[in-house]
Every structure is written in C-alpha cells, then in structure tokens.
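Enquirer: My questions will all concern the structure given below.
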Protein chains: 2
Amino acid sequence: MSVLLKDIAEKTGFSINTVSRALRDDKKLSESTRKTIRETAEMMGYVRNSAAALMRKGTSNEIGIISGDSSNPFFAEVVRGIEETAKQAGFRILLLNTDEDPEREADYMKMFVSMKVAGILIVPVFHDDMCQKIYRTISVPYYFVGRHVEGITGHSILHSDIQSQYDVTQSLINKGHRRILYIVGPENISNTIDRLNGYLKALDNNGIPRDPDLIIRTNGHIEDGFASINRALNRSLNFTAVACFNDLVAMGAIKALSENNYRVPEDIEVFGFDNLYISQFMQPSLSTVDVPKFALGKIAIETLLRHIDDPQLPYDDINLNTRLIYRKSSARNRLSLKEGSL
Amino acid sequence: MSVLLKDIAEKTGFSINTVSRALRDDKKLSESTRKTIRETAEMMGYVRNSAAALMRKGTSNEIGIISGDSSNPFFAEVVRGIEETAKQAGFRILLLNTDEDPEREADYMKMFVSMKVAGILIVPVFHDDMCQKIYRTISVPYYFVGRHVEGITGHSILHSDIQSQYDVTQSLINKGHRRILYIVGPENISNTIDRLNGYLKALDNNGIPRDPDLIIRTNGHIEDGFASINRALNRSLNFTAVACFNDLVAMGAIKALSENNYRVPEDIEVFGFDNLYISQFMQPSLSTVDVPKFALGKIAIETLLRHIDDPQLPYDDINLNTRLIYRKSSARNRLSLKEGSL
DNA sequence: TGATGCAGGGTTAACGTTAATCTTATAATT
DNA sequence: AATTATAAGATTAACGTTAACCCTGCATCA
C-alpha cells in the first residue's frame, strides 16, 4: 500500500540499491540520477520505513528524553537547551514523561533501548531497584539531567542543590530570621533530599535548632505551596520566612500568605528555587535560585553527544553553578526586615 | 552483542518462534514453557529489538504527539488528558515540539509516518503548503488538538474560540468598556485568528469602532504581554480593559500594569484565555476562559483510538464548550467599575 | 596499445522479529 | 479401536532497507 524503494526503482529503471543511495545522499551517483530519483520519490510520496532502515543500520538518529514532571515549566526550559544542539548535530528528540513513577521510568528506558536510540537523557527518581539495575547494565550512552541516582556515579549533570539551598537559608539567617519554614519537594528525587540537607546544614551551622514542625513535605506543586502555608498559619507556627523547594511551590505560598493578609516580604519573606521564567512576573516578583536551565540542557546534550561519538569516553559528573537572585519577595537586608517595610 | 531471541532459544532449547511467542504472551504455550522462557530472557537481559518487530508487524503501539509550543503549560495539561487513556489502551506516547515552525511540523509528521505510529495528534499551524499536502495524503489516523488547519475539515477537536472571545468582549462591553485593548497571539495559528475575530465581532455588534491601535500583535508569550502594555501605556492609548490571547500574556500584562501603578481591576480590567492551572494563583487571580484542557486531550485520544480501531470511520470536527471564569482581575459588574472599587 | 583506475551503478545477503503453515503426540469422541 | 480434535511447539518465509561486494565501460597513463 505504501510506496517502497522497489516502486521507485521500477518507475525510474534503477536498482533498489541505487534508489536507496540516492535518497540517502550516499556516495557517488551522478547528479542527474540522484535528481531523477529524488523527484520521483517526492512525486510518489515516498516515506522511508524507518523500522527497516533501523534494523539494517542498528542505530538511529534519535535521542530519548525521559522527564520526571513535564507539567513543571522547569523542564520545558531545559529541553530548549537540548533541542537546538541536538538538531544541529542531526539528531531528533523523543520525549517521554514519568510523573516521577519509577515503573514508568524503567519501562521507558527499556523502550528507548528497544528502539535503539543513540542516547538517553533522563530526569530520574533517586531510588528504585529496577531502574538502578538498568542503569548499571545498559550499553546506550545516558546522562541524568539535574539529578543523581543512588549508587550510580559519573552520569549526572548537577546544579549545586545542597550549596544553593544552604546559601538561601544562610542569607535568611543573616537577615535575622530564626524560624524559617521549609517546604520540601516530592520524595524519592535527589533534589528534594539535597536541598533539604542544605537547609538543615545551614540551621546547624548557625546553631539554630531543627524544628520538625517547620518542615513540610509536599509533592512540589503549586497547590502544595498554597495548602502548606494555610496549614502552617492555622497551626500558628510563627515563622518569618519561607524557603521553598521550587518556584511553583513559592507561587502557591505567596498566594496563601496574601490571602491571609500577610505582606510579602514585609511580614514574611519567601524564597523559591529554579528561577522559572515566569518567576520574574509573579507579584511580588520572586527571589530564587537561578538554575542555568538552558545551559543544563545544552551541556547535557553536548556531553551525551561526545559519548555517542566515542563510546570509550569515561563518564564523569558535572556540576553547574547557580546564583541567588534577590527580587521583591525577599527583603533587601536585615534593616528592612526590622523596619517592616521595603 | 545484545541478547537475541536466538540466544534465548539456544539456552532454553525451544525454537526462536516459541521464544517470541512466550515473550508476547501469544497463543497457547504451556504455562511452564512460558515461564521458563520469560525467566531466562529476564536473566539474560533481553530487550526486544522493536525495529525488527515493527518491520514485521507493520504497525506500532505508539501515538505521536506534535505540540506547537511546549513551553506553554496549556499543552502539558492537554497531554495529561491524553496520557492516561492512551496508556490504558496499551499505547505509548511520543512527544515532539515544533515551536510553531511549519517546517518542523512537516518534518515530524514524516518522521511519525516513517515510524509507523498508530496515530498522530497535532497542534498545527494554520497555513503551510507542505503540511497541508501531508494532511491531505497521509493514511495514518490523525486529529488536530484545539486548532484547525486551512482547507482540512473533519480532523479538529476545537473549543469555541470565536464565541468565547466574543463573550469575553461582550462581557466587558456590558460593563461599560469602550476602549478594550486586545493582545493578539502568534500569527498563523487558528486560535489567534478565531479569537481576534470574536473580539472584532463583539465590537461590531455593539457599534464600537475598530481601533487598530488597540490591537497589538505578539507571539503570545508572557514577556509579550508585559511589553505590549508598556508600549500601550507609553502611547497613552487610554484603554480601560485588556483582553488577552492567553493567560500567559495576561500575566505579563498584569505585571506591567502593576509596575505602572494601575490597579487591576479597579483602573483596568484584564481577561485571559485558557484558564491555566496557575492562573488561579496569580495576583490578582485571573479572570479567563476555561478551556477544558484535560477533556480536550481525553476526547482527542479517545476519538483517535476509535479511528485506529476502525480506519473506515468517517472523520468529523468536534467542538467543546468553554465557560467564562470571573476572578479578581475583572470587576464584578458595571457598578463596581464606575465606583472604581471592588 | 595495453594495462589501470574509477565513476556509476547492479547483485546479493543480511538485520531480528513475527505470521502462516506444518508436525507430532496426546486427549476426546463414537 | 479407529477417528478426530487439540494442545504445544517447530519450520519457513517474509517485512523493507542497507552494506559489502561485484561488474562494466570509458578515460588516463606509460
């Protein structure tokens, strides 16, 4: 039913092989032959059967990407960094989304392996036996983007989660805060673990006792930030600052504070994490940690491509730097906090 | 290098065919045989070569999705609606993103056809010769999600763009607005065209002259809303309400208004379109048109699956209803506008 | 002038899986 | 007991493309 090389061969009088070569710009065919064939193919509506091609060639020109939560704009920005470079290198990108479900992660990994993609970029969960087994045995080049996996080293491109959350917390402490609410992200992902540890470490180093009440576990979505703050306010936890797992949570938090007639940052300061593009447009604009998302994607794909080129290349973790961004949801300095005005 | 059916066959003593059948849960093999084979395969780390399988079978269990702009959370919400149903039906989802570039759209369409996906869901541009040619000749089942394409009928799942934008505009007019700024979306997509027409039609029907100055063309991103308002304010266009192509633009618009010390909605009302999940968390929360995004995705995949099941099934456009959502960025009624307070 | 090289193209044999068709032993039927 | 049906598995032939190798004729060179 569909047009095959054979059909084009019959129509043009060339052999199947020559047709195949012409359509691949392969080797030395006369310019006129190539042109004749290409035009005929176009005219007949030929579309290559990539399954057959792939089976013969053994490897494809596709990069598989497995995202953990594509509803978070964070990821869209990372993919932007991946796309351009991949395209220039002649690779196409296939996107899959796990919703942080390890089973889907394992399933999709197998699927990409089965498809013989050239390489895989993954936003993985932290711990899962099946997944870890796959990562240990797989022969397709892969890298973790912005996260790391328990027991697997050398395959991560990271962005200083611990240090960044430490810095945020220290910055708040410097301004005099002692009761800092921390809204934790989804469990079983390395960012959550690392950022929480950064927060705790800063408390410890400053001799501030850890208060379990001030640590609220969530799924890292916008509504979680909203709900967390409402609950915290109801319980009169008496906090003066909120550090959030990510910008989305911070957005929900600010909304809840505002609805309860707390002024941000005069009454309560709020810090996010990620520096989503929209965060500068929030009201008030959000203070946050700038994660170089585009660069993260770009470096990830560049590194992956190097490994695709040279399978012998040794793997190594990469760590990117972040920077704190002070906007309107946090006070400029200690003074402004004391005065209760910005 | 990788484990093949042949290897498992040799190891277990069964034929290749039997191994293949066991791994596919095909037909009637004795339970013990199936189990032996499956366990051996698992142990040996077998992964099916899907290219070979696909070549033989001729069709895959994958649904291709081509998004126009995956940086817009709108799409993530639509995909949610698609994913669940697709998964239950045993299909996997492959995601591609065009950034509204017709060339990429055509390229990706060919790619999916080449991959023999079972069906395709597309968020297409409105006019492009190459793409339209493909849509006219392709034999893989497909549907346009939330948009329509010039000259192609019966393949769209829509959501009342014209009527909805008409309603928004009429609602603003009812409250006494006469100078309503309209921020237009990206060119060459049907939503932009339809919504603009809805706006214009409402003006016409109410005898309000069209003022070209009040119509600002953008790419539909958040920064466009911001920039548009700043420019409009600089030119003293004297508008009292802003209707936006989408919620993202509205978010930027509100930010710009607020930075210029205009109160929303007391001084200027703002209406979005889409009802993104985050819109309820904006400050002020955004009045908008609720597009049933999850349902859109769900109905799209359900319809597509029906066509995959029965290729003879005739195609037909589907139109979903929307509803206006009044939140804090718009005034409740005419009175409150006049009084300048909510 | 004969050998040589190469441009331009043809032949043939895979790639790994699955579907259609066979085979055989055992169970069910009359 | 002879026949038929069936369960369980084996054989064989594709699927459409690509890569390795082979062929031919003309131009080039000593």
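Identifiers for the structure tokens are assigned positionally: chains receive A, B, ... in sequence, residues are indexed from 1 per chain, and ligands are indexed from 1 in the order shown.
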Would you mind listing what lies within 12 Å of D:DC29 as a ChimeraX atom specification, with only C-alpha atoms (C1' of nucleotides) counted and same-chain residues fewer than 3 positions away left out?

Expert: /C:1-5

Enquirer: Write out as a PyMOL selection string each polymer residue whose atoms come within 10 Å of stretch 19-27 of chain D, counting only C-alpha atoms (C1' of nucleotides); drop sequence neighbours fewer than 2 positions from it.

Expert: (chain A and resi 17+56-57) or (chain C and resi 5-14) or (chain D and resi 29)

Enquirer: Per DSSP on the backbone, what are the strand (DSSP E or B) residues of stretch 31-235 of chain A, as a PyMOL selection string?

Expert: chain A and resi 62-67+92-97+119-122+142-145+149+152+156-158+180-184+215-217

Enquirer: Keeping only N, CA and C atoms, write those residues as an mmCIF file, in the first residue's frame.

Expert:
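out_8.cif, written as the output of this step:
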```cif
data_model
loop_
_atom_site.group_PDB
_atom_site.id
_atom_site.type_symbol
_atom_site.label_atom_id
_atom_site.label_comp_id
_atom_site.auth_asym_id
_atom_site.auth_seq_id
_atom_site.Cartn_x
_atom_site.Cartn_y
_atom_site.Cartn_z
ATOM 1 N N GLU A 62 18.142 9.219 16.933
ATOM 2 C CA GLU A 62 17.214 9.802 17.887
ATOM 3 C C GLU A 62 17.791 9.811 19.293
ATOM 4 N N ILE A 63 17.456 10.868 19.998
ATOM 5 C CA ILE A 63 17.849 10.971 21.394
ATOM 6 C C ILE A 63 16.574 10.844 22.215
ATOM 7 N N GLY A 64 16.572 9.943 23.167
ATOM 8 C CA GLY A 64 15.406 9.791 24.024
ATOM 9 C C GLY A 64 15.532 10.656 25.260
ATOM 10 N N ILE A 65 14.452 11.316 25.600
ATOM 11 C CA ILE A 65 14.462 12.118 26.816
ATOM 12 C C ILE A 65 13.337 11.652 27.725
ATOM 13 N N ILE A 66 13.674 11.392 28.963
ATOM 14 C CA ILE A 66 12.670 10.969 29.925
ATOM 15 C C ILE A 66 12.571 12.008 31.022
ATOM 16 N N SER A 67 11.460 12.697 31.030
ATOM 17 C CA SER A 67 11.257 13.766 32.003
ATOM 18 C C SER A 67 10.528 13.241 33.227
ATOM 19 N N ARG A 92 17.190 13.763 16.362
ATOM 20 C CA ARG A 92 15.848 14.148 16.730
ATOM 21 C C ARG A 92 15.606 13.761 18.174
ATOM 22 N N ILE A 93 14.611 14.418 18.736
ATOM 23 C CA ILE A 93 14.364 14.238 20.156
ATOM 24 C C ILE A 93 13.007 13.618 20.402
ATOM 25 N N LEU A 94 12.989 12.617 21.224
ATOM 26 C CA LEU A 94 11.737 11.960 21.600
ATOM 27 C C LEU A 94 11.519 12.157 23.091
ATOM 28 N N LEU A 95 10.322 12.608 23.438
ATOM 29 C CA LEU A 95 10.090 12.995 24.823
ATOM 30 C C LEU A 95 9.103 12.063 25.499
ATOM 31 N N LEU A 96 9.442 11.639 26.697
ATOM 32 C CA LEU A 96 8.548 10.808 27.491
ATOM 33 C C LEU A 96 8.475 11.373 28.891
ATOM 34 N N ASN A 97 7.383 11.108 29.588
ATOM 35 C CA ASN A 97 7.180 11.710 30.896
ATOM 36 C C ASN A 97 6.767 10.658 31.922
ATOM 37 N N GLY A 119 21.151 7.775 22.254
ATOM 38 C CA GLY A 119 21.499 8.132 23.626
ATOM 39 C C GLY A 119 20.250 8.535 24.393
ATOM 40 N N ILE A 120 20.378 8.581 25.726
ATOM 41 C CA ILE A 120 19.209 8.898 26.548
ATOM 42 C C ILE A 120 19.574 9.939 27.595
ATOM 43 N N LEU A 121 18.685 10.881 27.770
ATOM 44 C CA LEU A 121 18.791 11.881 28.832
ATOM 45 C C LEU A 121 17.620 11.672 29.774
ATOM 46 N N ILE A 122 17.901 11.567 31.065
ATOM 47 C CA ILE A 122 16.848 11.196 32.000
ATOM 48 C C ILE A 122 16.786 12.137 33.190
ATOM 49 N N TYR A 142 24.060 7.445 28.332
ATOM 50 C CA TYR A 142 22.989 8.186 29.019
ATOM 51 C C TYR A 142 23.554 9.135 30.063
ATOM 52 N N TYR A 143 22.765 10.135 30.374
ATOM 53 C CA TYR A 143 23.112 11.068 31.450
ATOM 54 C C TYR A 143 21.853 11.456 32.214
ATOM 55 N N PHE A 144 22.033 11.691 33.505
ATOM 56 C CA PHE A 144 20.938 12.218 34.311
ATOM 57 C C PHE A 144 20.995 13.740 34.267
ATOM 58 N N VAL A 145 19.861 14.341 34.092
ATOM 59 C CA VAL A 145 19.835 15.792 33.964
ATOM 60 C C VAL A 145 19.329 16.445 35.243
ATOM 61 N N VAL A 149 21.320 9.571 40.934
ATOM 62 C CA VAL A 149 20.633 8.341 41.324
ATOM 63 C C VAL A 149 21.505 7.578 42.313
ATOM 64 N N ILE A 152 24.718 5.278 41.482
ATOM 65 C CA ILE A 152 25.234 5.433 40.119
ATOM 66 C C ILE A 152 26.068 6.711 40.059
ATOM 67 N N SER A 156 25.851 12.117 36.065
ATOM 68 C CA SER A 156 24.949 13.221 36.407
ATOM 69 C C SER A 156 25.486 14.588 36.007
ATOM 70 N N ILE A 157 24.550 15.418 35.569
ATOM 71 C CA ILE A 157 24.851 16.826 35.382
ATOM 72 C C ILE A 157 24.026 17.570 36.411
ATOM 73 N N LEU A 158 24.708 18.179 37.362
ATOM 74 C CA LEU A 158 24.018 18.714 38.533
ATOM 75 C C LEU A 158 24.139 20.228 38.639
ATOM 76 N N ILE A 180 12.398 29.604 60.091
ATOM 77 C CA ILE A 180 12.267 29.553 58.633
ATOM 78 C C ILE A 180 11.531 28.292 58.224
ATOM 79 N N LEU A 181 10.370 28.482 57.666
ATOM 80 C CA LEU A 181 9.594 27.341 57.199
ATOM 81 C C LEU A 181 10.243 26.785 55.934
ATOM 82 N N TYR A 182 10.365 25.454 55.876
ATOM 83 C CA TYR A 182 10.888 24.888 54.636
ATOM 84 C C TYR A 182 9.867 23.937 54.020
ATOM 85 N N ILE A 183 9.504 24.210 52.781
ATOM 86 C CA ILE A 183 8.539 23.353 52.085
ATOM 87 C C ILE A 183 9.307 22.384 51.195
ATOM 88 N N VAL A 184 9.229 21.127 51.573
ATOM 89 C CA VAL A 184 10.014 20.073 50.946
ATOM 90 C C VAL A 184 9.347 19.594 49.652
ATOM 91 N N ILE A 215 9.128 21.915 58.897
ATOM 92 C CA ILE A 215 9.469 21.197 57.670
ATOM 93 C C ILE A 215 8.231 20.493 57.135
ATOM 94 N N ILE A 216 7.766 20.925 55.988
ATOM 95 C CA ILE A 216 6.510 20.399 55.458
ATOM 96 C C ILE A 216 6.742 19.638 54.163
ATOM 97 N N ARG A 217 6.325 18.412 54.140
ATOM 98 C CA ARG A 217 6.555 17.573 52.958
ATOM 99 C C ARG A 217 5.423 17.740 51.939
#
```

Enquirer: List every residue of chain A that has an atom at most 10 Å from any atom of chain C, and for each one report the closest atom pair and its distance in Å to one decimal, counting only C-alpha atoms (C1' of nucleotides), with rows sorted by chain and then by increasing residue number, as a tab-separated table.

Expert:
```
residue	atom	partner	partner_atom	distance
A:Phe14	CA	C:DG9	C1'	8.4
A:Ser15	CA	C:DG10	C1'	6.7
A:Ile16	CA	C:DG10	C1'	9.2
A:Asn17	CA	C:DG10	C1'	8.0
A:Thr18	CA	C:DG9	C1'	7.0
A:Lys28	CA	C:DG8	C1'	7.2
A:Leu29	CA	C:DG8	C1'	6.0
A:Ser30	CA	C:DG8	C1'	6.8
A:Thr33	CA	C:DG8	C1'	9.6
A:Ala52	CA	C:DC15	C1'	8.5
A:Ala53	CA	C:DC15	C1'	9.2
A:Leu54	CA	C:DC15	C1'	8.7
A:Met55	CA	C:DC15	C1'	5.3
A:Arg56	CA	C:DC15	C1'	4.6
A:Lys57	CA	C:DC15	C1'	7.7
A:Gly58	CA	C:DC15	C1'	7.7
```

Enquirer: Find the residue from A:Ser50, A:Thr40, A:Ser279, A:Thr59 that sits nearest to chain B; use only C-alpha atoms when measuring.

Expert: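 Ranked by minimum distance to chain B, first place goes to A:Ser50.
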
Enquirer: For the contact check between chain B and chain A, emit one row per residue of chain B within 8 Å, containing the shortest atom pair and the distance in Å rounded to one decimal, counting only C-alpha atoms, chain then rising number order, as a Markdown table.

Expert:
```
| residue | atom | partner | partner_atom | distance |
| --- | --- | --- | --- | --- |
| B:Val47 | CA | A:Ser114 | CA | 5.9 |
| B:Arg48 | CA | A:Ser114 | CA | 5.5 |
| B:Asn49 | CA | A:Ser114 | CA | 5.0 |
| B:Ser50 | CA | A:Ser114 | CA | 5.4 |
| B:Ala51 | CA | A:Ala51 | CA | 4.5 |
| B:Ala52 | CA | A:Met55 | CA | 5.7 |
| B:Leu54 | CA | A:Ala51 | CA | 6.2 |
| B:Met55 | CA | A:Ala51 | CA | 5.4 |
| B:Ser70 | CA | A:Ala76 | CA | 6.6 |
| B:Ser71 | CA | A:Ala76 | CA | 5.3 |
| B:Asn72 | CA | A:Pro73 | CA | 7.9 |
| B:Pro73 | CA | A:Ser71 | CA | 6.6 |
| B:Ala76 | CA | A:Ser71 | CA | 5.3 |
| B:Glu77 | CA | A:Ser71 | CA | 7.2 |
| B:Ile93 | CA | A:Leu96 | CA | 7.0 |
| B:Leu94 | CA | A:Leu95 | CA | 5.9 |
| B:Leu95 | CA | A:Leu95 | CA | 4.8 |
| B:Leu96 | CA | A:Leu94 | CA | 6.3 |
| B:Lys110 | CA | A:Val47 | CA | 6.9 |
| B:Val113 | CA | A:Val47 | CA | 7.3 |
| B:Ser114 | CA | A:Asn49 | CA | 5.0 |
| B:Met115 | CA | A:Ser50 | CA | 5.6 |
| B:Lys116 | CA | A:Asn49 | CA | 7.6 |
| B:Ile222 | CA | A:Ile278 | CA | 7.4 |
| B:Met251 | CA | A:Phe281 | CA | 7.1 |
| B:Gly252 | CA | A:Phe281 | CA | 6.3 |
| B:Lys255 | CA | A:Phe281 | CA | 5.9 |
| B:Ile278 | CA | A:Ile222 | CA | 7.4 |
| B:Phe281 | CA | A:Lys255 | CA | 5.9 |
| B:Met282 | CA | A:Met282 | CA | 7.1 |
| B:Gln283 | CA | A:Gln283 | CA | 5.9 |
```

Enquirer: How would the residues just chosen look if you wrote them out with C-alpha atoms as a PDB file, in the first residue's frame?

Expert:
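Result file is again_22.pdb:
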```pdb
ATOM      1  CA  VAL B  47      15.371  -6.346  25.234  1.00  0.00           C
ATOM      2  CA  ARG B  48      13.209  -6.688  22.153  1.00  0.00           C
ATOM      3  CA  ASN B  49      14.521  -5.074  19.013  1.00  0.00           C
ATOM      4  CA  SER B  50      11.457  -3.038  18.276  1.00  0.00           C
ATOM      5  CA  ALA B  51      12.673  -2.109  14.832  1.00  0.00           C
ATOM      6  CA  ALA B  52      12.615  -5.710  13.765  1.00  0.00           C
ATOM      7  CA  LEU B  54       7.821  -3.216  13.864  1.00  0.00           C
ATOM      8  CA  MET B  55       9.062  -4.121  10.445  1.00  0.00           C
ATOM      9  CA  SER B  70       5.512  23.038  24.836  1.00  0.00           C
ATOM     10  CA  SER B  71       6.732  25.958  26.901  1.00  0.00           C
ATOM     11  CA  ASN B  72       3.081  26.844  27.415  1.00  0.00           C
ATOM     12  CA  PRO B  73       1.668  24.894  30.366  1.00  0.00           C
ATOM     13  CA  ALA B  76       1.122  19.934  29.482  1.00  0.00           C
ATOM     14  CA  GLU B  77      -2.425  19.873  30.804  1.00  0.00           C
ATOM     15  CA  ILE B  93       3.143   8.434  23.698  1.00  0.00           C
ATOM     16  CA  LEU B  94       5.939  10.130  21.848  1.00  0.00           C
ATOM     17  CA  LEU B  95       6.190  13.880  22.115  1.00  0.00           C
ATOM     18  CA  LEU B  96       7.662  16.339  19.649  1.00  0.00           C
ATOM     19  CA  LYS B 110       7.008  12.483   8.112  1.00  0.00           C
ATOM     20  CA  VAL B 113       4.671   8.248   9.433  1.00  0.00           C
ATOM     21  CA  SER B 114       8.063   6.736   8.859  1.00  0.00           C
ATOM     22  CA  MET B 115       7.958   5.235  12.331  1.00  0.00           C
ATOM     23  CA  LYS B 116       4.577   3.725  11.573  1.00  0.00           C
ATOM     24  CA  ILE B 222       4.426  36.216  28.897  1.00  0.00           C
ATOM     25  CA  MET B 251       0.149  37.540  33.412  1.00  0.00           C
ATOM     26  CA  GLY B 252       2.707  39.756  31.720  1.00  0.00           C
ATOM     27  CA  LYS B 255       2.691  42.748  35.841  1.00  0.00           C
ATOM     28  CA  ILE B 278      -1.568  28.606  37.711  1.00  0.00           C
ATOM     29  CA  PHE B 281      -2.762  31.600  41.891  1.00  0.00           C
ATOM     30  CA  MET B 282      -1.804  34.792  40.110  1.00  0.00           C
ATOM     31  CA  GLN B 283      -2.154  38.027  41.980  1.00  0.00           C
TER      32      GLN B 283
END
```

Enquirer: Could you list, as an MDAnalysis selection string, the residues of chain D having an atom within 8 Å of chain A when counting only C-alpha atoms (C1' of nucleotides)?

Expert: chainID D and resid 15:18

Enquirer: So what do you get for atom CA of B:His307 versus atom CA of B:Phe91, distance-wise?

Expert: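 Taking atom CA of B:His307 as the start and atom CA of B:Phe91 as the end point, the length is 14.0 Å.
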
Enquirer: Quick one: residues within 7 Å of B:Ala250, only C-alpha atoms (C1' of nucleotides) counted, chain neighbours fewer than 4 positions away excluded, as an MDAnalysis selection string?

Expert: chainID B and resid 225 244 246 254 270:272

Enquirer: Considering only helix (DSSP H, G or I) as DSSP defines it on the backbone, what residues of stretch 195-330 of chain A qualify? List them as a PyMOL selection string.

Expert: chain A and resi 195-205+212-214+222-234+247-259+277-281+293-309

Enquirer: Keeping only C-alpha atoms, write those residues as a PDB file, in the first residue's frame.

Expert:
```
ATOM      1  CA  ARG A 195      18.003  20.832  49.149  1.00  0.00           C
ATOM      2  CA  LEU A 196      16.562  19.748  52.432  1.00  0.00           C
ATOM      3  CA  ASN A 197      20.051  18.851  53.581  1.00  0.00           C
ATOM      4  CA  GLY A 198      21.315  22.260  52.545  1.00  0.00           C
ATOM      5  CA  TYR A 199      18.613  23.881  54.618  1.00  0.00           C
ATOM      6  CA  LEU A 200      19.331  21.701  57.643  1.00  0.00           C
ATOM      7  CA  LYS A 201      23.062  22.216  57.396  1.00  0.00           C
ATOM      8  CA  ALA A 202      22.640  25.962  57.428  1.00  0.00           C
ATOM      9  CA  LEU A 203      20.490  25.749  60.543  1.00  0.00           C
ATOM     10  CA  ASP A 204      23.040  23.503  62.237  1.00  0.00           C
ATOM     11  CA  ASN A 205      25.983  25.686  61.366  1.00  0.00           C
ATOM     12  CA  PRO A 212      10.164  19.326  62.612  1.00  0.00           C
ATOM     13  CA  ASP A 213       7.042  21.477  62.583  1.00  0.00           C
ATOM     14  CA  LEU A 214       8.752  23.873  60.223  1.00  0.00           C
ATOM     15  CA  ILE A 222       1.799  24.956  43.185  1.00  0.00           C
ATOM     16  CA  GLU A 223      -1.224  23.861  45.177  1.00  0.00           C
ATOM     17  CA  ASP A 224       1.066  22.239  47.712  1.00  0.00           C
ATOM     18  CA  GLY A 225       2.665  25.573  48.476  1.00  0.00           C
ATOM     19  CA  PHE A 226      -0.766  27.076  48.908  1.00  0.00           C
ATOM     20  CA  ALA A 227      -2.018  24.321  51.170  1.00  0.00           C
ATOM     21  CA  SER A 228       1.185  24.147  53.197  1.00  0.00           C
ATOM     22  CA  ILE A 229       1.060  27.789  54.130  1.00  0.00           C
ATOM     23  CA  ASN A 230      -2.580  27.653  55.042  1.00  0.00           C
ATOM     24  CA  ARG A 231      -1.929  24.731  57.310  1.00  0.00           C
ATOM     25  CA  ALA A 232       1.115  26.366  58.836  1.00  0.00           C
ATOM     26  CA  LEU A 233      -0.814  29.531  59.537  1.00  0.00           C
ATOM     27  CA  ASN A 234      -3.638  27.610  61.127  1.00  0.00           C
ATOM     28  CA  ASP A 247       9.303  28.373  42.383  1.00  0.00           C
ATOM     29  CA  LEU A 248       5.957  26.720  41.813  1.00  0.00           C
ATOM     30  CA  VAL A 249       5.569  25.973  45.477  1.00  0.00           C
ATOM     31  CA  ALA A 250       6.667  29.516  46.247  1.00  0.00           C
ATOM     32  CA  MET A 251       3.966  30.871  44.000  1.00  0.00           C
ATOM     33  CA  GLY A 252       1.329  28.939  45.889  1.00  0.00           C
ATOM     34  CA  ALA A 253       2.845  30.047  49.169  1.00  0.00           C
ATOM     35  CA  ILE A 254       2.754  33.708  48.266  1.00  0.00           C
ATOM     36  CA  LYS A 255      -0.850  33.382  47.210  1.00  0.00           C
ATOM     37  CA  ALA A 256      -1.805  31.841  50.544  1.00  0.00           C
ATOM     38  CA  LEU A 257       0.110  34.438  52.533  1.00  0.00           C
ATOM     39  CA  SER A 258      -1.504  37.222  50.624  1.00  0.00           C
ATOM     40  CA  GLU A 259      -4.983  35.801  51.088  1.00  0.00           C
ATOM     41  CA  TYR A 277      10.949  32.306  33.501  1.00  0.00           C
ATOM     42  CA  ILE A 278       7.593  33.291  34.934  1.00  0.00           C
ATOM     43  CA  SER A 279       9.009  33.983  38.368  1.00  0.00           C
ATOM     44  CA  GLN A 280      10.072  37.488  37.457  1.00  0.00           C
ATOM     45  CA  PHE A 281       6.460  38.200  36.532  1.00  0.00           C
ATOM     46  CA  LYS A 293      18.306  25.530  32.810  1.00  0.00           C
ATOM     47  CA  PHE A 294      19.183  26.229  29.230  1.00  0.00           C
ATOM     48  CA  ALA A 295      22.847  25.554  29.907  1.00  0.00           C
ATOM     49  CA  LEU A 296      21.915  22.428  31.790  1.00  0.00           C
ATOM     50  CA  GLY A 297      20.169  21.077  28.742  1.00  0.00           C
ATOM     51  CA  LYS A 298      22.863  22.241  26.397  1.00  0.00           C
ATOM     52  CA  ILE A 299      25.713  20.762  28.377  1.00  0.00           C
ATOM     53  CA  ALA A 300      23.770  17.561  28.884  1.00  0.00           C
ATOM     54  CA  ILE A 301      23.253  17.008  25.181  1.00  0.00           C
ATOM     55  CA  GLU A 302      26.772  18.088  24.290  1.00  0.00           C
ATOM     56  CA  THR A 303      28.217  15.670  26.772  1.00  0.00           C
ATOM     57  CA  LEU A 304      25.925  12.924  25.632  1.00  0.00           C
ATOM     58  CA  LEU A 305      26.855  13.505  22.009  1.00  0.00           C
ATOM     59  CA  ARG A 306      30.512  13.155  22.894  1.00  0.00           C
ATOM     60  CA  HIS A 307      29.778   9.796  24.438  1.00  0.00           C
ATOM     61  CA  ILE A 308      27.782   8.748  21.410  1.00  0.00           C
ATOM     62  CA  ASP A 309      30.725   9.682  19.240  1.00  0.00           C
TER      63      ASP A 309
END
```

Enquirer: Using Å and a single decimal, report how far atom CA of B:Ile37 sits from atom CA of A:Met109.

Expert: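 So the answer is 22.0 Å.
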
Enquirer: What is the distance between atom CA of A:His155 and atom CA of A:His221, in Å to one decimal?

Expert: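 Computing the Euclidean distance for atom CA of A:His155 and atom CA of A:His221 yields 27.0 Å.
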